[in-house]
$ cat model.pdb   # PDB, C-alpha atoms
ATOM      1  CA  MET A   1      -8.742  -1.496  30.564  1.00  0.00           C
ATOM      2  CA  GLY A   2      -8.478  -4.607  28.362  1.00  0.00           C
ATOM      3  CA  SER A   3      -5.471  -6.076  26.649  1.00  0.00           C
ATOM      4  CA  ASP A   4      -6.571  -4.770  23.246  1.00  0.00           C
ATOM      5  CA  PRO A   5      -4.444  -2.034  21.655  1.00  0.00           C
ATOM      6  CA  ILE A   6      -7.626  -0.010  21.335  1.00  0.00           C
ATOM      7  CA  ASP A   7      -9.866  -0.333  24.358  1.00  0.00           C
ATOM      8  CA  LEU A   8     -13.216   0.007  22.595  1.00  0.00           C
ATOM      9  CA  PRO A   9     -16.237  -2.284  22.585  1.00  0.00           C
ATOM     10  CA  PRO A  10     -15.805  -5.021  19.943  1.00  0.00           C
ATOM     11  CA  THR A  11     -18.666  -3.741  17.801  1.00  0.00           C
ATOM     12  CA  THR A  12     -16.783  -0.535  17.066  1.00  0.00           C
ATOM     13  CA  TYR A  13     -13.982  -2.194  15.128  1.00  0.00           C
ATOM     14  CA  ARG A  14     -13.718  -5.980  15.392  1.00  0.00           C
ATOM     15  CA  ASP A  15     -17.158  -6.911  14.140  1.00  0.00           C
ATOM     16  CA  HIS A  16     -16.854  -4.805  11.010  1.00  0.00           C
ATOM     17  CA  ILE A  17     -14.542  -5.151   8.063  1.00  0.00           C
ATOM     18  CA  MET A  18     -11.984  -2.371   7.967  1.00  0.00           C
ATOM     19  CA  ASN A  19     -12.031  -0.686   4.553  1.00  0.00           C
ATOM     20  CA  ILE A  20      -8.566   0.591   3.696  1.00  0.00           C
ATOM     21  CA  LEU A  21      -7.504   2.568   0.633  1.00  0.00           C
ATOM     22  CA  ILE A  22      -3.789   2.560  -0.146  1.00  0.00           C
ATOM     23  CA  ILE A  23      -2.757   5.058  -2.821  1.00  0.00           C
ATOM     24  CA  LEU A  24       0.498   4.455  -4.673  1.00  0.00           C
ATOM     25  CA  THR A  25       2.223   6.674  -7.203  1.00  0.00           C
ATOM     26  CA  SER A  26       2.243   6.210 -10.976  1.00  0.00           C
ATOM     27  CA  HIS A  27       5.252   8.496 -11.351  1.00  0.00           C
ATOM     28  CA  ASP A  28       8.406   6.639 -12.373  1.00  0.00           C
ATOM     29  CA  GLU A  29      11.028   9.293 -13.185  1.00  0.00           C
ATOM     30  CA  LEU A  30      12.999  11.432 -10.752  1.00  0.00           C
ATOM     31  CA  GLY A  31      12.621  14.867 -12.310  1.00  0.00           C
ATOM     32  CA  GLU A  32      14.631  15.217 -15.480  1.00  0.00           C
ATOM     33  CA  THR A  33      17.550  13.156 -14.169  1.00  0.00           C
ATOM     34  CA  GLY A  34      16.648  10.045 -16.132  1.00  0.00           C
ATOM     35  CA  LEU A  35      16.701   8.087 -12.867  1.00  0.00           C
ATOM     36  CA  LYS A  36      13.846   5.705 -12.090  1.00  0.00           C
ATOM     37  CA  THR A  37      11.716   6.137  -8.985  1.00  0.00           C
ATOM     38  CA  GLY A  38       8.410   4.942  -7.593  1.00  0.00           C
ATOM     39  CA  PHE A  39       7.003   3.834  -4.265  1.00  0.00           C
ATOM     40  CA  TRP A  40       9.284   2.354  -1.594  1.00  0.00           C
ATOM     41  CA  LEU A  41       8.570  -1.375  -1.415  1.00  0.00           C
ATOM     42  CA  GLU A  42       8.980  -1.787   2.354  1.00  0.00           C
ATOM     43  CA  GLU A  43       6.724   1.208   3.053  1.00  0.00           C
ATOM     44  CA  PHE A  44       4.015  -0.565   1.073  1.00  0.00           C
ATOM     45  CA  ALA A  45       4.592  -4.163   2.166  1.00  0.00           C
ATOM     46  CA  THR A  46       4.679  -3.623   5.936  1.00  0.00           C
ATOM     47  CA  PRO A  47       1.331  -1.822   6.303  1.00  0.00           C
ATOM     48  CA  TYR A  48      -0.249  -3.958   3.559  1.00  0.00           C
ATOM     49  CA  PHE A  49       0.444  -7.241   5.355  1.00  0.00           C
ATOM     50  CA  THR A  50      -0.202  -5.817   8.816  1.00  0.00           C
ATOM     51  CA  LEU A  51      -3.650  -4.614   7.746  1.00  0.00           C
ATOM     52  CA  LEU A  52      -4.389  -7.727   5.665  1.00  0.00           C
ATOM     53  CA  ASP A  53      -3.491  -9.989   8.589  1.00  0.00           C
ATOM     54  CA  ALA A  54      -5.834  -7.933  10.791  1.00  0.00           C
ATOM     55  CA  GLY A  55      -8.714  -8.769   8.439  1.00  0.00           C
ATOM     56  CA  ALA A  56      -8.895  -5.512   6.516  1.00  0.00           C
ATOM     57  CA  SER A  57     -10.438  -5.171   3.083  1.00  0.00           C
ATOM     58  CA  ILE A  58      -7.721  -3.359   1.128  1.00  0.00           C
ATOM     59  CA  THR A  59      -8.153  -1.417  -2.083  1.00  0.00           C
ATOM     60  CA  LEU A  60      -5.007  -0.392  -3.951  1.00  0.00           C
ATOM     61  CA  ALA A  61      -5.187   2.600  -6.279  1.00  0.00           C
ATOM     62  CA  SER A  62      -2.817   4.693  -8.339  1.00  0.00           C
ATOM     63  CA  PRO A  63      -3.409   7.680 -10.627  1.00  0.00           C
ATOM     64  CA  LYS A  64      -3.002   5.616 -13.815  1.00  0.00           C
ATOM     65  CA  GLY A  65      -4.166   2.258 -12.479  1.00  0.00           C
ATOM     66  CA  GLY A  66      -2.304  -0.960 -13.169  1.00  0.00           C
ATOM     67  CA  GLN A  67       1.207  -1.709 -11.942  1.00  0.00           C
ATOM     68  CA  PRO A  68       2.664   1.209  -9.978  1.00  0.00           C
ATOM     69  CA  PRO A  69       6.425   1.644 -10.306  1.00  0.00           C
ATOM     70  CA  ILE A  70       8.608   0.336  -7.495  1.00  0.00           C
ATOM     71  CA  ASP A  71      11.594   2.511  -6.631  1.00  0.00           C
ATOM     72  CA  PRO A  72      14.522   0.335  -7.789  1.00  0.00           C
ATOM     73  CA  LYS A  73      16.609   1.406  -4.771  1.00  0.00           C
ATOM     74  CA  SER A  74      13.983  -0.088  -2.447  1.00  0.00           C
ATOM     75  CA  ASP A  75      14.503  -3.467  -4.071  1.00  0.00           C
ATOM     76  CA  GLU A  76      18.231  -3.558  -3.278  1.00  0.00           C
ATOM     77  CA  PRO A  77      19.436  -6.225  -0.784  1.00  0.00           C
ATOM     78  CA  ASP A  78      20.208  -3.721   2.001  1.00  0.00           C
ATOM     79  CA  PHE A  79      16.577  -2.601   2.111  1.00  0.00           C
ATOM     80  CA  GLN A  80      14.914  -6.008   2.336  1.00  0.00           C
ATOM     81  CA  THR A  81      12.782  -6.869   5.362  1.00  0.00           C
ATOM     82  CA  ALA A  82      10.523  -9.735   6.354  1.00  0.00           C
ATOM     83  CA  ALA A  83       7.624  -7.829   4.744  1.00  0.00           C
ATOM     84  CA  THR A  84       9.402  -7.325   1.404  1.00  0.00           C
ATOM     85  CA  GLU A  85      10.454 -10.983   1.342  1.00  0.00           C
ATOM     86  CA  ARG A  86       6.876 -11.995   2.101  1.00  0.00           C
ATOM     87  CA  PHE A  87       5.651  -9.792  -0.735  1.00  0.00           C
ATOM     88  CA  LYS A  88       8.119 -11.340  -3.172  1.00  0.00           C
ATOM     89  CA  SER A  89       6.897 -14.839  -2.281  1.00  0.00           C
ATOM     90  CA  ASP A  90       3.172 -13.947  -2.312  1.00  0.00           C
ATOM     91  CA  SER A  91       1.811 -14.271  -5.846  1.00  0.00           C
ATOM     92  CA  ASN A  92      -1.628 -12.992  -4.769  1.00  0.00           C
ATOM     93  CA  ALA A  93      -0.156  -9.763  -3.338  1.00  0.00           C
ATOM     94  CA  GLN A  94       1.874  -9.297  -6.521  1.00  0.00           C
ATOM     95  CA  THR A  95      -1.256  -9.740  -8.659  1.00  0.00           C
ATOM     96  CA  VAL A  96      -3.209  -7.262  -6.530  1.00  0.00           C
ATOM     97  CA  LEU A  97      -0.382  -4.720  -6.854  1.00  0.00           C
ATOM     98  CA  ALA A  98      -0.114  -5.238 -10.620  1.00  0.00           C
ATOM     99  CA  ASN A  99      -3.809  -4.408 -10.987  1.00  0.00           C
ATOM    100  CA  THR A 100      -4.345  -1.267  -8.903  1.00  0.00           C
ATOM    101  CA  SER A 101      -7.572   0.616  -9.562  1.00  0.00           C
ATOM    102  CA  LYS A 102      -7.363   3.913 -11.363  1.00  0.00           C
ATOM    103  CA  LEU A 103      -7.675   6.557  -8.666  1.00  0.00           C
ATOM    104  CA  SER A 104     -10.366   8.480 -10.564  1.00  0.00           C
ATOM    105  CA  ASP A 105     -12.495   5.299 -10.701  1.00  0.00           C
ATOM    106  CA  ILE A 106     -12.593   4.904  -6.917  1.00  0.00           C
ATOM    107  CA  LYS A 107     -16.083   5.524  -5.593  1.00  0.00           C
ATOM    108  CA  VAL A 108     -16.370   7.336  -2.301  1.00  0.00           C
ATOM    109  CA  ARG A 109     -17.377   5.033   0.515  1.00  0.00           C
ATOM    110  CA  ILE A 110     -16.623   4.749   4.169  1.00  0.00           C
ATOM    111  CA  MET A 111     -12.939   4.103   4.720  1.00  0.00           C
ATOM    112  CA  MET A 112     -11.395   3.588   8.108  1.00  0.00           C
ATOM    113  CA  LEU A 113      -7.938   4.533   6.870  1.00  0.00           C
ATOM    114  CA  LEU A 114      -6.422   6.271   3.894  1.00  0.00           C
ATOM    115  CA  CYS A 115      -2.770   5.407   3.417  1.00  0.00           C
ATOM    116  CA  ILE A 116      -0.724   7.373   0.890  1.00  0.00           C
ATOM    117  CA  GLN A 117       2.613   5.756   0.197  1.00  0.00           C
ATOM    118  CA  GLU A 118       5.607   8.045   0.350  1.00  0.00           C
ATOM    119  CA  GLY A 119       8.759   8.061  -1.671  1.00  0.00           C
ATOM    120  CA  MET A 120      10.535  10.342  -4.078  1.00  0.00           C
ATOM    121  CA  ALA A 121       7.644  10.027  -6.523  1.00  0.00           C
ATOM    122  CA  CYS A 122       4.769  10.597  -4.117  1.00  0.00           C
ATOM    123  CA  PHE A 123       3.896  14.105  -5.216  1.00  0.00           C
ATOM    124  CA  GLY A 124       4.814  13.628  -8.856  1.00  0.00           C
ATOM    125  CA  ILE A 125       1.584  11.775  -9.491  1.00  0.00           C
TER
END
$ encode --input "model.pdb" --output "structure tokens"
Amino acid sequence: MGSDPIDLPPTTYRDHIMNILIILTSHDELGETGLKTGFWLEEFATPYFTLLDAGASITLASPKGGQPPIDPKSDEPDFQTAATERFKSDSNAQTVLANTSKLSDIKVRIMMLLCIQEGMACFGI
């Protein structure tokens, strides 16, 4: 067994671009409470950069397209991580996030991973 995390021949994953679809919410209100919600920043940033650094081709989508709402609680100081700090300093990642594709415009193609971001707003899409 090799030292790779997945002991498969290189042609099965390394020689091909990984196509990843990350779906984020467009829902920004927590029920009828008047409180703001959205996706949890760290739950987006960590897999986004992990997959990007591994050479993945990442498509971001949300039901409405455009900038998905970030849960304001996830942006508080106690919830910051290396990944959220990296996101905040990466203007390219911020631009990509601000311009998510509209989910209904996504054409079906081979994806190696579908990642649906959780949070209070996940199923309020």
$ closest_residue --input "model.pdb" --among "A:Met18, A:Leu24, A:Leu35, A:Ala45" --to "Lys88 (chain A)" --atoms "only C-alpha atoms"
A:Ala45
$ atom_distance --input "model.pdb" --atom1 "CA of Asp53 (chain A)" --atom2 "CA of Ile23 (chain A)"
18.9 Å
$ closest_residue --input "model.pdb" --among "A:Ser101, A:Gly66, A:Ser74, A:Phe39" --to "Leu21 (chain A)" --atoms "only C-alpha atoms"
A:Ser101
$ resolve_selection --input "model.pdb" --expression "the PyMOL selection byres ((chain A and resi 77-81) around 12)" --output "list in words"
Trp40, Leu41, Glu42, Glu43, Phe44, Ala45, Thr46, Asp71, Pro72, Lys73, Ser74, Asp75, Glu76, Ala82, Ala83, Thr84, Glu85, Arg86, Phe87 and Lys88 of chain A
$ resolve_selection --input "model.pdb" --expression "the PyMOL selection byres ((chain A and resi 63) around 9)" --output "ChimeraX atom specification"
/A:23-27,61-62,64-65,68,101-104,125
$ atom_distance --input "model.pdb" --atom1 "CA of Asp90 (chain A)" --atom2 "CA of Lys107 (chain A)"
27.6 Å
$ atom_distance --input "model.pdb" --atom1 "CA of Gln67 (chain A)" --atom2 "CA of Asp28 (chain A)"
11.0 Å
$ build_atoms --input "model.pdb" --residues "region 26-54 of chain A" --atoms "N, CA and C atoms" --output "CSV table (one decimal), in the frame of the given file"
chain,number,residue,atom,x,y,z
A,26,SER,N,2.1,6.7,-9.6
A,26,SER,CA,2.2,6.2,-11.0
A,26,SER,C,3.5,6.8,-11.6
A,27,HIS,N,4.1,7.7,-10.9
A,27,HIS,CA,5.3,8.5,-11.4
A,27,HIS,C,6.5,7.6,-11.3
A,28,ASP,N,7.3,7.5,-12.4
A,28,ASP,CA,8.4,6.6,-12.4
A,28,ASP,C,9.7,7.3,-12.7
A,29,GLU,N,9.8,8.6,-12.9
A,29,GLU,CA,11.0,9.3,-13.2
A,29,GLU,C,11.3,10.4,-12.2
A,30,LEU,N,12.6,10.5,-11.8
A,30,LEU,CA,13.0,11.4,-10.8
A,30,LEU,C,13.4,12.7,-11.5
A,31,GLY,N,12.4,13.6,-11.6
A,31,GLY,CA,12.6,14.9,-12.3
A,31,GLY,C,13.1,14.6,-13.7
A,32,GLU,N,14.1,15.4,-14.1
A,32,GLU,CA,14.6,15.2,-15.5
A,32,GLU,C,16.0,14.6,-15.4
A,33,THR,N,16.2,13.8,-14.4
A,33,THR,CA,17.6,13.2,-14.2
A,33,THR,C,17.7,11.9,-15.0
A,34,GLY,N,16.6,11.3,-15.4
A,34,GLY,CA,16.6,10.0,-16.1
A,34,GLY,C,16.7,8.9,-15.2
A,35,LEU,N,16.7,9.1,-13.9
A,35,LEU,CA,16.7,8.1,-12.9
A,35,LEU,C,15.3,7.6,-12.6
A,36,LYS,N,15.1,6.3,-12.4
A,36,LYS,CA,13.8,5.7,-12.1
A,36,LYS,C,13.5,5.9,-10.6
A,37,THR,N,12.2,6.0,-10.3
A,37,THR,CA,11.7,6.1,-9.0
A,37,THR,C,10.4,5.5,-8.9
A,38,GLY,N,9.7,5.6,-7.8
A,38,GLY,CA,8.4,4.9,-7.6
A,38,GLY,C,8.1,4.9,-6.1
A,39,PHE,N,7.3,4.0,-5.7
A,39,PHE,CA,7.0,3.8,-4.3
A,39,PHE,C,8.1,2.9,-3.6
A,40,TRP,N,8.3,3.1,-2.3
A,40,TRP,CA,9.3,2.4,-1.6
A,40,TRP,C,8.6,1.0,-1.2
A,41,LEU,N,9.2,-0.1,-1.6
A,41,LEU,CA,8.6,-1.4,-1.4
A,41,LEU,C,8.3,-1.7,0.0
A,42,GLU,N,9.2,-1.5,0.9
A,42,GLU,CA,9.0,-1.8,2.4
A,42,GLU,C,7.9,-0.9,3.0
A,43,GLU,N,7.8,0.3,2.5
A,43,GLU,CA,6.7,1.2,3.1
A,43,GLU,C,5.3,0.8,2.6
A,44,PHE,N,5.3,0.0,1.5
A,44,PHE,CA,4.0,-0.6,1.1
A,44,PHE,C,3.8,-1.9,1.8
A,45,ALA,N,4.8,-2.8,1.7
A,45,ALA,CA,4.6,-4.2,2.2
A,45,ALA,C,4.3,-4.3,3.7
A,46,THR,N,4.9,-3.5,4.5
A,46,THR,CA,4.7,-3.6,5.9
A,46,THR,C,3.2,-3.3,6.3
A,47,PRO,N,2.7,-2.1,5.9
A,47,PRO,CA,1.3,-1.8,6.3
A,47,PRO,C,0.3,-2.7,5.6
A,48,TYR,N,0.7,-3.1,4.3
A,48,TYR,CA,-0.2,-4.0,3.6
A,48,TYR,C,-0.5,-5.3,4.3
A,49,PHE,N,0.6,-6.0,4.7
A,49,PHE,CA,0.4,-7.2,5.4
A,49,PHE,C,-0.1,-7.1,6.8
A,50,THR,N,0.3,-6.0,7.5
A,50,THR,CA,-0.2,-5.8,8.8
A,50,THR,C,-1.7,-5.7,8.8
A,51,LEU,N,-2.2,-4.8,7.9
A,51,LEU,CA,-3.6,-4.6,7.7
A,51,LEU,C,-4.4,-5.8,7.2
A,52,LEU,N,-3.8,-6.5,6.2
A,52,LEU,CA,-4.4,-7.7,5.7
A,52,LEU,C,-4.5,-8.8,6.7
A,53,ASP,N,-3.5,-9.0,7.5
A,53,ASP,CA,-3.5,-10.0,8.6
A,53,ASP,C,-4.5,-9.6,9.7
A,54,ALA,N,-4.8,-8.4,9.8
A,54,ALA,CA,-5.8,-7.9,10.8
A,54,ALA,C,-7.3,-8.1,10.2
